[in-house]
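> Pasting a structure here, questions to come.
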Amino acid sequence: MCLGYVPVEQAIFEVLEANGKAKEVVQTKRLVERLQEGEETVADLLSKMPTVGVKPATITARRHQDALIRRELGHIKCKALTTKHVAEMLETIEARGKLQWAVNVRSRIKAVCRRGMALGWMDRNPADATERAKVRVKRKRMTLEVFNATLAQAPKVAPWLANAMLLALVSGQSLSTVARWERRSVKNGEALVTRSKTGVTIAIPVALHMDAVGMSLGDVIARCKQSYVLSKYLIHHLRGKGTTEKGSAIKVKTISEKFLRARRLAGYVAEDDPTFHEIRSLCKRLYDEQGNVDTKALLGHLSDATANLYANSRGLEPIKVRIASANA
């Protein structure tokens, strides 16, 4: 007897074989097991990221990173997040040419996953296996020629721009530090400044002299104070306009934009020409050539080697910038 085109004996054999194979299939997890795995999503995890002790600027940057991560991965359960999920998100960013942004987002998602492991929401960090985007620095270094040419055009752009440029060059401080440098910083022949990025306080002698421009830090500070405008800051608005008050600090973005305009007026219009930030590098190179300034301390750079040299006091004392005598 046949069942269709298959003999009964063969059909019975195939049914028995199929039943035996079915017993080897892994059973679906029970409801209680699925509940124990947790329902927390990546979006839930982002809300658990700590902010205590984090600088406002860092919080702002992370907020943008978190928004992207939430949009791309927020709906995925923490324990279901895979390296493929993270890699695809990063590849999408890289495809748009945003390599540094991809690096920043990767660093953030790695930290988020570490937090997930600490909370017991994840068993591993799927972001660890992803590749870091290779960022190629394209920006040209600042030269003294470019600086001087831009400095000559600065008064045409903003009355305070030349002072900001000179303060950055002679002091070696970052744009954000220059923008918030207070008039009252000078005490006992030293200017005390705190780097917003690292929290490191640096004591710079006002006698610090840059031979390349023929000015000391004291000269530049005195020049800044000659605006005759009552202000808390060395670099400030000389007149009010709209919601901007006379004497108020200049925003970092405004300084960058005004510098860019002055540099272009000087004839340096290429996309990779140096930004205001490159003044800091120029400062180090000029002082290194001059030979009598401790540039590691001046720029506030801390490393394992320099920490021992300058006896890092964990913020209790400023880093002292030492100047060798001219006759030494």
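Following the order of the structure tokens, chains are lettered A, B, ..., residues in each are numbered from 1, and ligands are numbered from 1.
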Find the spatial neighbours of A:Lys134, counting only C-alpha atoms, within a cut-off of 10 Å - ignore same-chain residues fewer than 4 positions away - and output them as a PyMOL selection string.
chain A and resi 94+99-100+102-103
> Could you write out that same residue set with N, CA and C atoms as an mmCIF file, in the first residue's frame?

```cif
data_model
loop_
_atom_site.group_PDB
_atom_site.id
_atom_site.type_symbol
_atom_site.label_atom_id
_atom_site.label_comp_id
_atom_site.auth_asym_id
_atom_site.auth_seq_id
_atom_site.Cartn_x
_atom_site.Cartn_y
_atom_site.Cartn_z
ATOM 1 N N GLU A 94 31.156 57.120 9.547
ATOM 2 C CA GLU A 94 32.378 57.209 8.763
ATOM 3 C C GLU A 94 32.083 57.431 7.281
ATOM 4 N N LEU A 99 35.002 61.274 10.493
ATOM 5 C CA LEU A 99 35.872 60.301 11.147
ATOM 6 C C LEU A 99 36.108 60.612 12.622
ATOM 7 N N GLN A 100 36.371 61.864 12.939
ATOM 8 C CA GLN A 100 36.600 62.212 14.342
ATOM 9 C C GLN A 100 35.326 62.022 15.159
ATOM 10 N N ALA A 102 33.101 59.776 14.564
ATOM 11 C CA ALA A 102 32.995 58.326 14.750
ATOM 12 C C ALA A 102 33.873 57.871 15.906
ATOM 13 N N VAL A 103 35.057 58.445 16.011
ATOM 14 C CA VAL A 103 35.962 58.118 17.118
ATOM 15 C C VAL A 103 35.326 58.503 18.453
#
```
> Determine, counting only C-alpha atoms, which protein, DNA and RNA residues have an atom within 6 Å of an atom of A:Ala262; residues of the same chain fewer than 4 positions away are not included. Present the result as number ranges by chain.
A: 150, 153-154
> Keeping only N, CA and C atoms, write the selected residues as a compact mmCIF listing (two decimals), in the first residue's frame.

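As written to disk, result00.txt reads:
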```txt
# COMPACT_ATOMS: atom_id res chain seq x y z
N THR A 150 48.22 87.80 10.02
CA THR A 150 46.85 87.80 10.55
C THR A 150 46.71 88.88 11.62
N GLN A 153 45.92 92.25 10.34
CA GLN A 153 44.55 92.43 9.86
C GLN A 153 43.53 92.43 11.00
N ALA A 154 43.95 91.97 12.17
CA ALA A 154 43.02 91.80 13.29
C ALA A 154 42.21 93.05 13.64
```
> Assign secondary structure with DSSP using the backbone only, and return the residues of stretch 58-293 of chain A in alpha helix (DSSP H) as an NGL selection string.
:A and (58-73 or 83-95 or 99-119 or 144-157 or 161-171 or 175-179 or 217-225 or 252-265 or 278-290)
> Take the residues that were just selected and, keeping C-alpha atoms, output them as an mmCIF file, in the first residue's frame.

```cif
data_model
loop_
_atom_site.group_PDB
_atom_site.id
_atom_site.type_symbol
_atom_site.label_atom_id
_atom_site.label_comp_id
_atom_site.auth_asym_id
_atom_site.auth_seq_id
_atom_site.Cartn_x
_atom_site.Cartn_y
_atom_site.Cartn_z
ATOM 1 C CA THR A 58 31.903 67.522 28.473
ATOM 2 C CA ILE A 59 28.255 66.992 29.390
ATOM 3 C CA THR A 60 27.207 69.060 26.380
ATOM 4 C CA ALA A 61 29.419 67.019 24.036
ATOM 5 C CA ARG A 62 28.129 63.736 25.460
ATOM 6 C CA ARG A 63 24.546 64.897 25.080
ATOM 7 C CA HIS A 64 25.025 65.066 21.295
ATOM 8 C CA GLN A 65 26.717 61.659 21.251
ATOM 9 C CA ASP A 66 23.960 60.123 23.369
ATOM 10 C CA ALA A 67 21.280 61.527 21.076
ATOM 11 C CA LEU A 68 22.809 59.704 18.122
ATOM 12 C CA ILE A 69 23.279 56.453 20.069
ATOM 13 C CA ARG A 70 19.693 56.621 21.328
ATOM 14 C CA ARG A 71 18.381 57.160 17.816
ATOM 15 C CA GLU A 72 20.382 54.279 16.308
ATOM 16 C CA LEU A 73 20.504 51.744 19.149
ATOM 17 C CA THR A 83 29.205 44.189 17.899
ATOM 18 C CA LYS A 84 27.443 44.246 14.524
ATOM 19 C CA HIS A 85 24.907 46.785 15.821
ATOM 20 C CA VAL A 86 27.683 49.101 17.023
ATOM 21 C CA ALA A 87 29.850 48.593 13.936
ATOM 22 C CA GLU A 88 26.997 49.468 11.568
ATOM 23 C CA MET A 89 26.304 52.687 13.483
ATOM 24 C CA LEU A 90 29.975 53.702 13.322
ATOM 25 C CA GLU A 91 30.277 52.773 9.636
ATOM 26 C CA THR A 92 27.318 55.039 8.837
ATOM 27 C CA ILE A 93 29.087 57.956 10.513
ATOM 28 C CA GLU A 94 32.378 57.209 8.763
ATOM 29 C CA ALA A 95 30.622 56.978 5.392
ATOM 30 C CA LEU A 99 35.872 60.301 11.147
ATOM 31 C CA GLN A 100 36.600 62.212 14.342
ATOM 32 C CA TRP A 101 32.914 62.104 15.233
ATOM 33 C CA ALA A 102 32.995 58.326 14.750
ATOM 34 C CA VAL A 103 35.962 58.118 17.118
ATOM 35 C CA ASN A 104 34.109 60.171 19.735
ATOM 36 C CA VAL A 105 30.892 58.141 19.441
ATOM 37 C CA ARG A 106 32.832 54.864 19.665
ATOM 38 C CA SER A 107 34.523 56.050 22.855
ATOM 39 C CA ARG A 108 31.134 56.990 24.287
ATOM 40 C CA ILE A 109 29.355 53.724 23.429
ATOM 41 C CA LYS A 110 32.263 51.796 24.963
ATOM 42 C CA ALA A 111 31.801 53.761 28.186
ATOM 43 C CA VAL A 112 28.034 53.196 28.046
ATOM 44 C CA CYS A 113 28.520 49.439 27.696
ATOM 45 C CA ARG A 114 31.011 49.397 30.571
ATOM 46 C CA ARG A 115 28.333 51.054 32.675
ATOM 47 C CA GLY A 116 25.891 48.375 31.516
ATOM 48 C CA MET A 117 28.268 45.668 32.721
ATOM 49 C CA ALA A 118 28.668 47.426 36.078
ATOM 50 C CA LEU A 119 24.878 47.487 36.487
ATOM 51 C CA LEU A 144 55.163 83.132 12.712
ATOM 52 C CA GLU A 145 54.688 84.577 9.221
ATOM 53 C CA VAL A 146 51.001 83.587 9.157
ATOM 54 C CA PHE A 147 50.533 84.831 12.720
ATOM 55 C CA ASN A 148 52.049 88.262 12.033
ATOM 56 C CA ALA A 149 50.106 88.686 8.791
ATOM 57 C CA THR A 150 46.851 87.803 10.553
ATOM 58 C CA LEU A 151 47.731 90.042 13.514
ATOM 59 C CA ALA A 152 48.114 92.984 11.136
ATOM 60 C CA GLN A 153 44.553 92.432 9.861
ATOM 61 C CA ALA A 154 43.018 91.799 13.294
ATOM 62 C CA PRO A 155 42.052 95.451 14.074
ATOM 63 C CA LYS A 156 39.954 95.528 10.897
ATOM 64 C CA VAL A 157 37.877 92.627 12.219
ATOM 65 C CA LEU A 161 41.259 90.265 18.458
ATOM 66 C CA ALA A 162 44.929 91.315 18.402
ATOM 67 C CA ASN A 163 45.025 91.196 22.202
ATOM 68 C CA ALA A 164 43.515 87.709 22.201
ATOM 69 C CA MET A 165 46.086 86.496 19.678
ATOM 70 C CA LEU A 166 49.042 87.974 21.562
ATOM 71 C CA LEU A 167 47.794 86.664 24.903
ATOM 72 C CA ALA A 168 47.511 83.174 23.421
ATOM 73 C CA LEU A 169 50.944 83.337 21.795
ATOM 74 C CA VAL A 170 52.948 84.669 24.719
ATOM 75 C CA SER A 171 51.158 82.617 27.399
ATOM 76 C CA LEU A 175 41.468 79.422 23.374
ATOM 77 C CA SER A 176 38.981 78.636 26.140
ATOM 78 C CA THR A 177 41.464 79.766 28.813
ATOM 79 C CA VAL A 178 42.242 82.990 26.962
ATOM 80 C CA ALA A 179 38.528 83.726 26.557
ATOM 81 C CA LEU A 217 53.244 88.419 29.382
ATOM 82 C CA GLY A 218 53.119 91.546 31.553
ATOM 83 C CA ASP A 219 53.241 93.720 28.432
ATOM 84 C CA VAL A 220 50.316 91.849 26.863
ATOM 85 C CA ILE A 221 48.228 91.985 30.044
ATOM 86 C CA ALA A 222 48.872 95.740 30.340
ATOM 87 C CA ARG A 223 47.844 96.146 26.714
ATOM 88 C CA CYS A 224 44.568 94.300 27.380
ATOM 89 C CA LYS A 225 43.805 96.599 30.306
ATOM 90 C CA VAL A 252 35.079 81.035 22.165
ATOM 91 C CA LYS A 253 33.178 80.578 18.919
ATOM 92 C CA THR A 254 33.273 84.324 18.241
ATOM 93 C CA ILE A 255 37.052 84.476 18.731
ATOM 94 C CA SER A 256 37.519 81.545 16.337
ATOM 95 C CA GLU A 257 35.289 83.114 13.694
ATOM 96 C CA LYS A 258 36.928 86.552 13.927
ATOM 97 C CA PHE A 259 40.395 84.993 13.702
ATOM 98 C CA LEU A 260 39.333 83.072 10.605
ATOM 99 C CA ARG A 261 38.124 86.292 8.983
ATOM 100 C CA ALA A 262 41.384 88.119 9.764
ATOM 101 C CA ARG A 263 43.458 85.202 8.451
ATOM 102 C CA ARG A 264 41.529 85.271 5.192
ATOM 103 C CA LEU A 265 42.059 89.025 4.911
ATOM 104 C CA GLU A 278 47.347 76.363 16.329
ATOM 105 C CA ILE A 279 48.731 79.464 18.082
ATOM 106 C CA ARG A 280 49.334 77.214 21.084
ATOM 107 C CA SER A 281 51.598 74.934 19.043
ATOM 108 C CA LEU A 282 53.444 77.941 17.600
ATOM 109 C CA CYS A 283 54.049 79.222 21.127
ATOM 110 C CA LYS A 284 55.704 75.969 22.172
ATOM 111 C CA ARG A 285 57.914 75.835 19.087
ATOM 112 C CA LEU A 286 59.036 79.457 19.474
ATOM 113 C CA TYR A 287 59.882 79.031 23.158
ATOM 114 C CA ASP A 288 61.650 75.723 22.477
ATOM 115 C CA GLU A 289 63.788 77.566 19.929
ATOM 116 C CA GLN A 290 64.341 80.406 22.377
#
```
> What does the distance between atom CA of A:Trp121 and atom CA of A:Ala80 come to in Å, to one decimal place?
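Separation of atom CA of A:Trp121 and atom CA of A:Ala80: 10.3 Å.
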> State, in Å with one decimal place, the distance from atom CA of A:Asp272 to atom CA of A:Lys140.
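Going from atom CA of A:Asp272 over to atom CA of A:Lys140, I get 5.8 Å.
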> Need to verify the contact set: A:Lys246, 8 Å, only C-alpha atoms, exclusion of same-chain residues closer than 5 positions in sequence. Can you return it as a list in words?
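Using only C-alpha atoms, the neighbours found are Val229, Ser231, His236, His237, Leu238, Arg239, Gly240 and Lys241 of chain A.
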> Next, write the just-selected residues to a file, as an mmCIF file, in the first residue's frame, keeping C-alpha atoms as the atom set.

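Output below, filename part.cif:
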```cif
data_model
loop_
_atom_site.group_PDB
_atom_site.id
_atom_site.type_symbol
_atom_site.label_atom_id
_atom_site.label_comp_id
_atom_site.auth_asym_id
_atom_site.auth_seq_id
_atom_site.Cartn_x
_atom_site.Cartn_y
_atom_site.Cartn_z
ATOM 1 C CA VAL A 229 36.367 99.371 29.847
ATOM 2 C CA SER A 231 35.453 94.282 32.835
ATOM 3 C CA HIS A 236 36.133 91.565 26.453
ATOM 4 C CA HIS A 237 33.574 93.455 24.408
ATOM 5 C CA LEU A 238 34.455 97.138 24.137
ATOM 6 C CA ARG A 239 30.879 98.183 23.431
ATOM 7 C CA GLY A 240 27.432 96.768 23.930
ATOM 8 C CA LYS A 241 25.181 95.609 21.148
#
```
> Rounded to one decimal, what separation in Å do you get between atom CA of A:Tyr228 and atom CA of A:Gly189?
22.1 Å
> Hey, what does DSSP flag as strand (DSSP E or B) within stretch 122-290 of chain A? Can you give it to me as a list in words?
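Selection result, strand (DSSP E or B) within stretch 122-290 of chain A: Glu182, Val186, Lys187, Glu190, Ala191, Leu192, Val193, Thr194, Thr201, Ile202, Ala203, Ile204, Pro205, His209, Met210, Met215, Ser216, Tyr233, His236, Lys241, Thr244 and Ala249 of chain A.
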> Can those selected residues be exported to a file as a PDB file, in the first residue's frame so that it contains C-alpha atoms?

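Below is the file that was written, selection30.pdb:
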```pdb
ATOM      1  CA  GLU A 182      40.363  87.291  34.471  1.00  0.00           C
ATOM      2  CA  VAL A 186      48.099  88.487  38.562  1.00  0.00           C
ATOM      3  CA  LYS A 187      49.424  88.002  42.086  1.00  0.00           C
ATOM      4  CA  GLU A 190      52.594  85.620  38.525  1.00  0.00           C
ATOM      5  CA  ALA A 191      49.445  85.125  36.475  1.00  0.00           C
ATOM      6  CA  LEU A 192      47.384  82.212  37.777  1.00  0.00           C
ATOM      7  CA  VAL A 193      45.239  80.494  35.157  1.00  0.00           C
ATOM      8  CA  THR A 194      43.210  77.284  35.291  1.00  0.00           C
ATOM      9  CA  THR A 201      46.228  75.578  37.497  1.00  0.00           C
ATOM     10  CA  ILE A 202      49.375  77.181  36.089  1.00  0.00           C
ATOM     11  CA  ALA A 203      51.440  80.004  37.614  1.00  0.00           C
ATOM     12  CA  ILE A 204      53.081  81.990  34.799  1.00  0.00           C
ATOM     13  CA  PRO A 205      55.594  84.727  35.658  1.00  0.00           C
ATOM     14  CA  HIS A 209      59.238  87.142  27.473  1.00  0.00           C
ATOM     15  CA  MET A 210      58.807  85.940  23.901  1.00  0.00           C
ATOM     16  CA  MET A 215      56.767  91.234  24.348  1.00  0.00           C
ATOM     17  CA  SER A 216      56.414  89.818  27.846  1.00  0.00           C
ATOM     18  CA  TYR A 233      38.090  89.704  31.753  1.00  0.00           C
ATOM     19  CA  HIS A 236      36.133  91.565  26.453  1.00  0.00           C
ATOM     20  CA  LYS A 241      25.181  95.609  21.148  1.00  0.00           C
ATOM     21  CA  THR A 244      25.766  91.745  24.488  1.00  0.00           C
ATOM     22  CA  ALA A 249      33.609  87.990  27.917  1.00  0.00           C
TER      23      ALA A 249
END
```
> Between A:Gly97, A:Gly267, A:Trp160, A:Lys251, which is the closest to A:Arg136 once you count only C-alpha atoms?
A:Gly97
> Compare A:Ile76, A:Leu234, A:Ala158, A:Ala324 by their minimum atom-to-atom distance to A:Arg180, counting only C-alpha atoms, and give me the closest one.
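Using only C-alpha atoms, the shortest distance to A:Arg180 belongs to A:Leu234.
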